[in-house]
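Student: Before we start, here is the structure in question, set down as structure tokens.
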Amino acid sequence: MPEFFEEDEEKEEKALPELDADEVVMRMAPYPSGPLHIGNARMILLNDEYVKNYDGKLILFYDDTIGSEEKRLLPEAFDMIKEGLDWLGVDWHETYYKSDRMDTYYEYAEKIIEKEEAYVCECSAERLRDNREKGIECEHREKSVEENLEDWEKMLEGVYEEGEAVLRIKTDMEHPDPAFRDRVLFRISERRHPRVGNEYRVWPLLEFSWAIDDHLLGMTHILRGKDLVIEDRMEEYIWDIFGWDHPEFLHYGMLRLKELSLSKSKFQRMISEGDIEGWNDPRTWSLQALRRRGIKPEALRDFILDFGLSSTDVEVPASKLYAKNREVIDEESNRYFFVPDPVEIELEGEIEMEEARVPRHPDDPDRGDRILKTGENVFIPREEYEEFQDEEIRLKNFCNIRLKDGKGVITGVENKDILKIQWLSEGIDVKVERPDASVEKGLGERNLEETSTGDIIQFERYGFARIEEKDPYYAVFGHR
RNA sequence: GCUCCCGUAGUGUAGUCCGGCCAACCAUCUUGGCCUCUCGAGCCAAAGACACGGGUUCAAAUCCCGUCGGGAGCACCA
């Protein structure tokens, strides 16, 4: 048995900072504007990892409030998110939707008004912003509880149009942090919600809905990106109004992939405008797209957890993910020849063998050889054909040739220390989808027939790919 | 401008809370070498960092102050 099979991959798992708790209840709250992508994976996996480590409870909580014009809900996103979680191997115990809990938010909205801690404000967005900047209290802040309750009712009933009134919390208009001054709790939106339609027109913003739900559902730890730290203080402020205990906050910094520049909402627009085909497109870096490329969930998990819980921002190249993935798939991936952009050349000289034998896996002879027919004509990649004119190269496991004017003059069969390339005398058409979504056509060896859909293989000298379809053959490129 | 967060090798991290065992961990990258009929994998070796300046202390990556740099928030988005 080859020794690399015996290697017990027992990586000392890098410990996340410990939690000071007997019980752990956490929640992951994706906004359903698209499937989960690599950027969301940090939030998801950190939650999952903590809950698993502490044998706690993990809640999937769709943060499906109405969003904004730029950030729209996507009906298909709900299922795509679940699909991504399953693929990642995330175990969650309960599922909730913000859109199911509107009555609860309304109930507490009323309570907070009654406590004189919130008021209905009719300032325009511009005036509100301006006052916030200058620290000026507007006249609506002075209204009585009765007036506020009445106006709140008017918001719910549709007396106000979209944008005409909001419910704001009373903090302090001279609070040193301008971002903290009388934030908006609820606003009016007439947009149609994919799950509850037009049943509600007054929607909470995340600080309020979370302040309520995190308490009601007994969250012990709240993990969020550090871009949301102000929400911590907002939640605490609201909990104090109601006299509730404070769960603990954990933060992680922003994760940026060098290769990924676009946002989910941008992809949503590109997809709806037909610029790209869909969320499977590798350019979206959705979990679905990564799966297609043969990225393994355990590699992604390893990659993400490597960053720990640090609140430092990180920018990493995708090659780091590929390195992790290679660790996982190199062993399982059988090798095959694929000749991209093939050029046919005629061999000149005596062909000594009818077939060539190449191992399925160089490190595991037990998998046997694949057999390749030789012939008077062979196809080689155009790139090498052009680059190595007049030079001697080796058709791997076959013979050495000197390239000259569309011909390959055979110079011997011995294994020399020269460039070795993949070649085929015949084969089947294979298309390979590249990470930039372009499709490369080429010739694949006939032994590909022994593979199954979903197999991850390596095209020698070309890279790892996952067989997505057979007949006709369609593979998705992963990485080198 | 105001508020908050963060600064350890090219990159990502360990160590920072509870100063000494840190002349600083691991991975990746890079460079040599070995191995291999792939530009894959494996093996060996080397190179590479505590942002800066002060202070406290017998002793500071670790504590304090300042400076500089980076990020986030100041949306009726999440």
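Residues in the structure tokens are numbered from 1 in each chain, the chains being A, B, ... in the order shown, and ligands are numbered from 1 in the order shown.
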Given only C-alpha atoms (C1' of nucleotides), how would the per-residue table for stretch 153-210 of chain A near stretch 68-74 of chain B read, listing every residue at most 12 Å away with its closest atom pair and distance in Å to one decimal, sorted by chain and number, as CSV?
Tutor:
```
residue,atom,partner,partner_atom,distance
A:His175,CA,B:C74,C1',11.3
A:Pro176,CA,B:C74,C1',10.6
A:Asp177,CA,B:C74,C1',7.4
A:Pro178,CA,B:C74,C1',5.2
A:Ala179,CA,B:C74,C1',3.9
A:Phe180,CA,B:C74,C1',7.7
A:Arg181,CA,B:C74,C1',8.9
A:Asp182,CA,B:C74,C1',11.6
A:Arg183,CA,B:C74,C1',10.5
```
Student: Up to 9 Å from chain A, what residues of chain B turn up? Count only C-alpha atoms (C1' of nucleotides) and give them as a list in words.
Tutor: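 Written out as asked, the residues are C2, U3, C4, C5, C6, G7, U11, G12, U13, A27, U28, U36, C37, U38, C39, G40, A41, G71, A72, G73, C74, A75, C76, C77 and A78 of chain B.
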Student: Please give the complete set of residues from stretch 151-205 of chain A that DSSP, run on the backbone, assigns to alpha helix (DSSP H), formatted as a PyMOL selection string.
Tutor: chain A and resi 151-157
Student: Would you put the residues from that selection into a file with N, CA, C and O atoms, as a PDB file, in the first residue's frame?
Tutor:
```
ATOM      1  N   ASP A 151     -49.318  58.133  15.279  1.00  0.00           N
ATOM      2  CA  ASP A 151     -48.569  58.237  14.027  1.00  0.00           C
ATOM      3  C   ASP A 151     -48.024  56.880  13.593  1.00  0.00           C
ATOM      4  O   ASP A 151     -47.949  56.567  12.401  1.00  0.00           O
ATOM      5  N   TRP A 152     -47.630  56.097  14.569  1.00  0.00           N
ATOM      6  CA  TRP A 152     -47.150  54.734  14.280  1.00  0.00           C
ATOM      7  C   TRP A 152     -48.277  53.951  13.611  1.00  0.00           C
ATOM      8  O   TRP A 152     -48.067  53.262  12.606  1.00  0.00           O
ATOM      9  N   GLU A 153     -49.454  54.089  14.156  1.00  0.00           N
ATOM     10  CA  GLU A 153     -50.642  53.446  13.583  1.00  0.00           C
ATOM     11  C   GLU A 153     -50.847  53.928  12.153  1.00  0.00           C
ATOM     12  O   GLU A 153     -51.157  53.141  11.255  1.00  0.00           O
ATOM     13  N   LYS A 154     -50.622  55.191  11.960  1.00  0.00           N
ATOM     14  CA  LYS A 154     -50.792  55.756  10.615  1.00  0.00           C
ATOM     15  C   LYS A 154     -49.765  55.181   9.639  1.00  0.00           C
ATOM     16  O   LYS A 154     -50.050  54.986   8.462  1.00  0.00           O
ATOM     17  N   MET A 155     -48.580  54.906  10.163  1.00  0.00           N
ATOM     18  CA  MET A 155     -47.564  54.270   9.317  1.00  0.00           C
ATOM     19  C   MET A 155     -48.050  52.893   8.880  1.00  0.00           C
ATOM     20  O   MET A 155     -47.997  52.526   7.711  1.00  0.00           O
ATOM     21  N   LEU A 156     -48.563  52.141   9.856  1.00  0.00           N
ATOM     22  CA  LEU A 156     -49.004  50.776   9.566  1.00  0.00           C
ATOM     23  C   LEU A 156     -50.195  50.767   8.616  1.00  0.00           C
ATOM     24  O   LEU A 156     -50.313  49.896   7.765  1.00  0.00           O
ATOM     25  N   GLU A 157     -51.049  51.758   8.769  1.00  0.00           N
ATOM     26  CA  GLU A 157     -52.282  51.765   7.973  1.00  0.00           C
ATOM     27  C   GLU A 157     -52.098  52.328   6.581  1.00  0.00           C
ATOM     28  O   GLU A 157     -53.003  52.262   5.755  1.00  0.00           O
TER      29      GLU A 157
END
```
Student: Residues near A:Leu60, anyone? I mean within 8 Å using only C-alpha atoms (C1' of nucleotides), not counting same-chain ones fewer than 5 positions away, as number ranges by chain.
Tutor: A: 27-29, 92-96
Student: Residues at most 6 Å from A:Met80, counting only C-alpha atoms (C1' of nucleotides), excluding those fewer than 3 positions away in the same chain, as a VMD selection string?
Tutor: chain A and resid 35 77 83
Student: Could you dump the residues just selected with C-alpha atoms as a PDB file, in the first residue's frame?
Tutor:
```pdb
ATOM      1  CA  PRO A  35     -26.628  32.142  -2.969  1.00  0.00           C
ATOM      2  CA  ALA A  77     -31.934  32.593  -2.875  1.00  0.00           C
ATOM      3  CA  GLU A  83     -28.060  24.045  -0.765  1.00  0.00           C
TER       4      GLU A  83
END
```
Student: Compile the contact shell of stretch 382-391 of chain A as a list in words: residues with an atom at most 10 Å away, counting only C-alpha atoms (C1' of nucleotides), same-chain residues fewer than 4 positions apart removed.
Tutor: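 After dropping sequence-adjacent residues, the list is Val339, Pro340, Asp341, Pro342, Val343, Glu344, Ile345, Ile401, Arg402, Leu403, Lys404, Asp405, Gly406, Lys407, Gly408, Val409, Ile418, Leu419, Ile421 and Gln422 of chain A.
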Student: With distances taken over only C-alpha atoms (C1' of nucleotides), which residue among B:G19, B:C25, B:C35, B:U30 lies nearest B:G48?
Tutor: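 Closest to B:G48, using only C-alpha atoms (C1' of nucleotides): B:U30.
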Student: Mind listing the strand (DSSP E or B) residues of stretch 34-260 of chain A, per DSSP on the backbone, as an MDAnalysis selection string?
Tutor: chainID A and resid 37 57:62 94:97 118:121 166:169 184:188 193 197 202:204 221:225 248:252 255:257
Student: Got a sec: who's within 8 Å of A:Glu433, counting only C-alpha atoms (C1' of nucleotides), leaving out chain neighbours fewer than 5 positions off, as a PyMOL selection string?
Tutor: chain A and resi 438-440+474-477
Student: Considering only C-alpha atoms, can you say which of A:Asp302, A:Asp364, A:Ala356, A:Gly34 comes closest to A:Lys266?
Tutor: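 Using only C-alpha atoms, A:Lys266 sits closest to A:Gly34.
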Student: Please, what distance in Å, to one decimal, runs between atom CA of A:Gly243 and atom CA of A:Ala109?
Tutor: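 The value is 15.2 Å.
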Student: Need the shell around B:G66: protein/DNA/RNA residues with any atom at most 12 Å away, counting only C-alpha atoms (C1' of nucleotides). Skip same-chain ones fewer than 6 positions apart. Format as an NGL selection string?
Tutor: :B and (52-55)
